[in-house]
Every structure is written in C-alpha cells, then in structure tokens.
file data_0.cif (mmCIF, C-alpha atoms and all ligand atoms)
data_target
#
loop_
_atom_site.label_atom_id
_atom_site.label_comp_id
_atom_site.auth_asym_id
_atom_site.auth_seq_id
_atom_site.Cartn_x
_atom_site.Cartn_y
_atom_site.Cartn_z
CA MET A 1 11.45 21.68 12.64
CA SER A 2 11.15 21.55 8.87
CA ILE A 3 9.52 19.49 6.18
CA GLU A 4 12.29 16.89 6.64
CA ASP A 5 10.56 16.04 9.94
CA CYS A 6 7.24 15.36 8.18
CA LYS A 7 7.40 11.66 7.39
CA LEU A 8 5.35 8.67 6.40
CA VAL A 9 4.87 6.42 9.42
CA GLU A 10 3.96 2.75 9.08
CA PHE A 11 1.80 1.49 11.94
CA PRO A 12 1.68 -2.07 13.23
CA LYS A 13 -0.60 -4.31 11.18
CA ILE A 14 -1.92 -7.54 12.62
CA THR A 15 -3.02 -9.51 9.58
CA ASP A 16 -5.73 -12.04 10.18
CA VAL A 17 -8.09 -14.00 7.96
CA ARG A 18 -10.90 -12.42 10.03
CA GLY A 19 -9.71 -8.94 8.99
CA ASN A 20 -6.64 -6.85 9.70
CA LEU A 21 -6.05 -4.70 12.77
CA THR A 22 -3.88 -1.61 13.23
CA PHE A 23 -3.25 0.22 16.48
CA ILE A 24 -1.59 3.52 17.33
CA GLU A 25 -0.28 4.54 20.74
CA GLY A 26 0.69 8.13 21.49
CA GLN A 27 4.42 8.58 22.30
CA ARG A 28 5.13 5.12 20.90
CA HIS A 29 4.10 5.06 17.25
CA ILE A 30 3.70 8.82 16.95
CA PRO A 31 5.76 11.47 18.79
CA PHE A 32 2.96 13.04 20.88
CA ASP A 33 0.06 12.24 23.19
CA ILE A 34 -3.23 12.12 21.28
CA LYS A 35 -5.53 14.83 22.66
CA ARG A 36 -8.04 14.99 19.81
CA VAL A 37 -9.23 12.93 16.86
CA TYR A 38 -11.26 14.32 13.98
CA TYR A 39 -12.14 13.07 10.53
CA LEU A 40 -13.23 14.32 7.16
CA TYR A 41 -15.80 12.26 5.27
CA ASP A 42 -18.52 12.68 2.62
CA VAL A 43 -16.04 14.95 0.80
CA PRO A 44 -17.61 15.95 -2.54
CA GLY A 45 -15.58 15.16 -5.67
CA GLY A 46 -13.26 18.01 -6.64
CA SER A 47 -13.28 19.65 -3.24
CA ASP A 48 -10.20 20.40 -1.18
CA ARG A 49 -9.52 20.82 2.54
CA GLY A 50 -6.79 22.18 4.74
CA ALA A 51 -5.00 25.19 3.26
CA HIS A 52 -3.66 26.35 6.57
CA ALA A 53 -0.79 25.81 9.00
CA HIS A 54 -0.65 25.43 12.76
CA ARG A 55 1.76 27.29 15.00
CA GLY A 56 2.17 24.59 17.64
CA LEU A 57 -0.10 21.69 16.79
CA GLU A 58 1.35 18.34 15.76
CA GLN A 59 -0.81 15.99 13.71
CA VAL A 60 -0.81 12.63 12.03
CA ILE A 61 -3.01 12.31 8.94
CA ILE A 62 -4.32 8.87 7.93
CA SER A 63 -6.55 7.63 5.13
CA MET A 64 -8.99 5.27 6.88
CA ALA A 65 -10.75 4.49 3.58
CA GLY A 66 -10.28 5.51 -0.04
CA SER A 67 -7.48 7.85 -1.01
CA PHE A 68 -6.47 11.49 -1.15
CA ASP A 69 -3.35 13.58 -1.74
CA LEU A 70 -1.61 15.54 0.99
CA LEU A 71 0.65 18.41 -0.01
CA LEU A 72 2.99 19.80 2.66
CA ASP A 73 4.97 23.02 2.45
CA ASP A 74 7.33 24.52 5.07
CA GLY A 75 7.71 27.80 3.18
CA LYS A 76 10.84 26.56 1.39
CA LYS A 77 10.21 23.01 0.23
CA GLN A 78 7.16 20.98 -0.66
CA LYS A 79 6.36 17.28 -0.29
CA LYS A 80 3.43 15.32 -1.64
CA PHE A 81 1.97 12.08 -0.33
CA GLN A 82 -0.79 9.93 -1.76
CA LEU A 83 -2.50 8.29 1.19
CA ASN A 84 -4.47 5.11 0.54
CA ARG A 85 -3.55 2.65 3.32
CA SER A 86 -5.09 2.70 6.79
CA TYR A 87 -1.78 1.50 8.31
CA HIS A 88 0.09 4.55 6.95
CA GLY A 89 0.08 8.03 8.42
CA VAL A 90 1.96 11.23 7.76
CA TYR A 91 3.39 13.14 10.70
CA VAL A 92 2.87 16.88 10.16
CA CYS A 93 5.04 19.08 12.36
CA PRO A 94 4.16 22.63 13.48
CA MET A 95 4.49 25.47 10.94
CA THR A 96 3.68 23.27 7.95
CA TRP A 97 1.14 24.40 5.38
CA ARG A 98 -1.10 21.48 4.41
CA TYR A 99 -3.47 21.08 1.52
CA LEU A 100 -5.60 18.00 0.85
CA ASP A 101 -7.27 17.21 -2.48
CA ASN A 102 -8.07 14.42 -4.98
CA PHE A 103 -10.38 12.70 -2.49
CA SER A 104 -11.74 9.45 -3.88
CA SER A 105 -15.38 8.68 -3.38
CA GLY A 106 -15.93 7.27 0.12
CA ALA A 107 -12.57 8.59 1.39
CA VAL A 108 -12.23 9.10 5.13
CA CYS A 109 -9.34 11.23 6.40
CA MET A 110 -8.62 10.79 10.09
CA VAL A 111 -6.41 13.24 11.95
CA LEU A 112 -4.73 12.58 15.30
CA ALA A 113 -3.84 15.84 17.00
CA SER A 114 -1.64 16.83 19.93
CA ALA A 115 -4.02 19.45 21.34
CA ALA A 116 -7.66 20.47 21.55
CA TYR A 117 -9.10 22.73 18.86
CA ASP A 118 -7.81 26.29 19.13
CA GLU A 119 -8.51 28.76 16.32
CA ALA A 120 -5.64 30.95 17.60
CA ASP A 121 -3.18 28.20 16.63
CA TYR A 122 -4.16 28.43 12.94
CA ILE A 123 -2.46 30.45 10.21
CA ARG A 124 -5.07 30.60 7.47
CA ASP A 125 -3.39 33.13 5.20
CA TYR A 126 -0.52 31.88 2.99
CA ALA A 127 1.14 35.32 2.80
CA THR A 128 1.35 35.44 6.62
CA PHE A 129 2.71 31.88 6.66
CA SER A 130 5.30 32.78 4.01
CA ALA A 131 6.41 35.85 5.92
CA GLU A 132 6.73 33.90 9.18
CA THR A 133 8.76 31.09 7.59
CA ALA A 134 11.03 33.30 5.45
P1 LIG B 1 -10.80 23.46 9.42
O1 LIG B 1 -9.68 23.07 10.33
O2 LIG B 1 -10.72 24.77 8.73
O3 LIG B 1 -11.03 22.31 8.33
P2 LIG B 1 -10.00 21.63 7.31
O4 LIG B 1 -9.97 20.20 7.71
O5 LIG B 1 -10.52 21.82 5.94
O6 LIG B 1 -8.69 22.22 7.52
O7 LIG B 1 -12.15 23.39 10.25
C1 LIG B 1 -13.41 23.56 9.65
C2 LIG B 1 -14.37 24.05 10.71
O8 LIG B 1 -14.53 23.09 11.77
C3 LIG B 1 -13.93 25.35 11.38
O9 LIG B 1 -15.09 26.15 11.56
C4 LIG B 1 -13.43 24.93 12.74
C5 LIG B 1 -14.21 23.67 13.04
N1 LIG B 1 -13.43 22.68 13.82
C6 LIG B 1 -13.73 22.48 15.14
O10 LIG B 1 -14.64 23.10 15.72
N2 LIG B 1 -13.01 21.55 15.85
C7 LIG B 1 -12.00 20.84 15.27
O11 LIG B 1 -11.35 19.99 15.95
C8 LIG B 1 -11.67 21.08 13.89
C9 LIG B 1 -10.56 20.37 13.21
C10 LIG B 1 -12.42 22.02 13.20
#
call {"tool": "encode", "arguments": {"input": "data_0.cif", "output": "structure tokens"}}
result
Amino acid sequence: MSIEDCKLVEFPKITDVRGNLTFIEGQRHIPFDIKRVYYLYDVPGGSDRGAHAHRGLEQVIISMAGSFDLLLDDGKKQKKFQLNRSYHGVYVCPMTWRYLDNFSSGAVCMVLASAAYDEADYIRDYATFSAETA
C-alpha cells in the first residue's frame, strides 16, 4: 500500500430540515471493521497531533466539528487534506506518517480504527519510518 491508497471518502448524507445525518458502516463505507473509535478535542490553538505511523493499523480520520489539516507521508510522497465536513473522511493505510495541525477552535477530530490500541504498532520516530519505507 502507498499514499495513493489514502483517499478522501464521502459518506452518505441524509439531508433533512430537522438536521442532517451521516452514517458509516465498517466494510461498506470504509474498508475495515471498526474496532475502536477515539477523538481529539479541546485542542489548544497552535498545537499539533499525530507525528507517527502505524505498522498495521488502518484508520479513517474525520472532522466532526471545526477544521484541521492532515498531512500524510508514505516516505516518498506527501498529501495534504483540509478536513472541515463531518461527511468526509480520509482513509489512512498502514505505514503512513500522519501529522495534524491548524486546528480551529472547537475542532473535534474523530478516528475510526481497525484494531484496539497497541503501542507496539506505532512508529514514533521519523528516521525509523524513513528507513523502513526506503
Ligand atoms: P497518541 O496516539 O500519541 O496521540 P495522537 O493523536 O497525537 O497521535 O496517543 C496519546 C496518548 O494516548 C498515548 O499515551 C497513548 C494514549 N492512547 C490510548 O491509550 N488509547 C488510544 O486509543 C489512543 C489513540 C491513545
């Protein structure tokens, strides 16, 4: 897999005068079963998150409120997304370095993940990531 596999996904949106609704089913709208959901919120202005890769984990990153930038890097190419719609997500494949910044005030970043938390799956050092993707 490479950065070409990391793509913006548009989820179903049921528009309604009472308020819109979006739903996401594992293996239907995203290519894995959802085993874990986590979210970043109350992010102070100017702070950044991420700055790591995962060896096996697949994720989809969604802005549930506000906006932020997502920078992806597979060791050879980079891609940048500005996320600001709760019916958009970015699929992040394994062995992709991700970096999130430019969080707006009130931004909420939700992540759907293919596996439970496992620190052993992380690569937190860019030099190691670079060497492994060379
Ligand atoms: P980390 O993945 O480094 O955060 P970021 O979103 O900036 O990449 O996680 C921060 C801390 O939270 C770290 O100590 C591990 C812990 N954590 C869990 O315990 N469970 C989880 O599902 C996640 C994502 C993180």
call {"tool": "closest_residue", "arguments": {"input": "data_0.cif", "among": "A:Leu71, A:Ala127, A:Ala53, A:Val60", "to": "ligand LIG 1 (chain B)", "atoms": "all atoms listed in the file"}}
result
A:Ala53
call {"tool": "closest_residue", "arguments": {"input": "data_0.cif", "among": "A:Asp5, A:Asp16, A:Glu10, A:Asp48", "to": "ligand LIG 1 (chain B)", "atoms": "all atoms listed in the file"}}
result
A:Asp48
call {"tool": "residues_near_ligand", "arguments": {"input": "data_0.cif", "ligand": "ligand LIG 1 (chain B)", "cutoff": "8 Å", "atoms": "only C-alpha atoms and all ligand atoms", "output": "list in words"}}
result
Arg36, Val37, Tyr38, Tyr39, Leu40, Asp48, Arg49, Gly50, Ala51, His52, Ala116, Tyr117, Asp118 and Glu119 of chain A
call {"tool": "closest_residue", "arguments": {"input": "data_0.cif", "among": "A:Cys109, A:Ile30, A:Val9, A:Cys93", "to": "Asp69 (chain A)", "atoms": "all atoms listed in the file"}}
result
A:Cys109
call {"tool": "closest_residue", "arguments": {"input": "data_0.cif", "among": "A:Gly46, A:Gly66, A:Gly106, A:Gly26", "to": "Arg85 (chain A)", "atoms": "only C-alpha atoms"}}
result
A:Gly66
call {"tool": "atom_distance", "arguments": {"input": "data_0.cif", "atom1": "CA of Gly45 (chain A)", "atom2": "CA of Phe129 (chain A)"}}
result
27.7 Å
call {"tool": "atom_distance", "arguments": {"input": "data_0.cif", "atom1": "CA of Ile62 (chain A)", "atom2": "CA of Val43 (chain A)"}}
result
15.0 Å
call {"tool": "closest_residue", "arguments": {"input": "data_0.cif", "among": "A:Ala107, A:Ile3, A:Leu57, A:Val90", "to": "His29 (chain A)", "atoms": "all atoms listed in the file"}}
result
A:Val90
call {"tool": "residues_around", "arguments": {"input": "data_0.cif", "residues": "Arg28 (chain A)", "least_positions_apart": "5", "cutoff": "12 Å", "atoms": "only C-alpha atoms", "output": "PyMOL selection string"}}
result
chain A and resi 9+11-12+23+33-34
call {"tool": "closest_residue", "arguments": {"input": "data_0.cif", "among": "A:Ser2, A:Arg124, A:Leu112, A:Gln78", "to": "Phe32 (chain A)", "atoms": "all atoms listed in the file"}}
result
A:Leu112
call {"tool": "residues_around", "arguments": {"input": "data_0.cif", "residues": "Ile61 (chain A)", "least_positions_apart": "6", "cutoff": "9 Å", "atoms": "all atoms listed in the file", "output": "number ranges by chain"}}
result
A: 70, 83, 88-92, 109-113
call {"tool": "atom_distance", "arguments": {"input": "data_0.cif", "atom1": "CA of Thr15 (chain A)", "atom2": "CA of Lys35 (chain A)"}}
result
27.7 Å
call {"tool": "residues_near_point", "arguments": {"input": "data_0.cif", "point": "(-7.0, 0.9, 7.2)", "cutoff": "9 Å", "atoms": "all atoms listed in the file", "output": "list in words"}}
result
Asn20, Leu21, Thr22, Ile62, Ser63, Met64, Ala65, Asn84, Arg85, Ser86, Tyr87 and His88 of chain A
call {"tool": "residues_around", "arguments": {"input": "data_0.cif", "residues": "His54 (chain A)", "least_positions_apart": "2", "cutoff": "7 Å", "atoms": "only C-alpha atoms", "output": "ChimeraX atom specification"}}
result
/A:52,56-57,94-96,121-123
call {"tool": "write_last_selection", "arguments": {"input": "data_0.cif", "atoms": "C-alpha atoms", "output": "PDB file, keeping the file's coordinate frame"}}
result
ATOM      1  CA  HIS A  52      -3.660  26.350   6.570  1.00  0.00           C
ATOM      2  CA  GLY A  56       2.170  24.590  17.640  1.00  0.00           C
ATOM      3  CA  LEU A  57      -0.100  21.690  16.790  1.00  0.00           C
ATOM      4  CA  PRO A  94       4.160  22.630  13.480  1.00  0.00           C
ATOM      5  CA  MET A  95       4.490  25.470  10.940  1.00  0.00           C
ATOM      6  CA  THR A  96       3.680  23.270   7.950  1.00  0.00           C
ATOM      7  CA  ASP A 121      -3.180  28.200  16.630  1.00  0.00           C
ATOM      8  CA  TYR A 122      -4.160  28.430  12.940  1.00  0.00           C
ATOM      9  CA  ILE A 123      -2.460  30.450  10.210  1.00  0.00           C
TER      10      ILE A 123
END
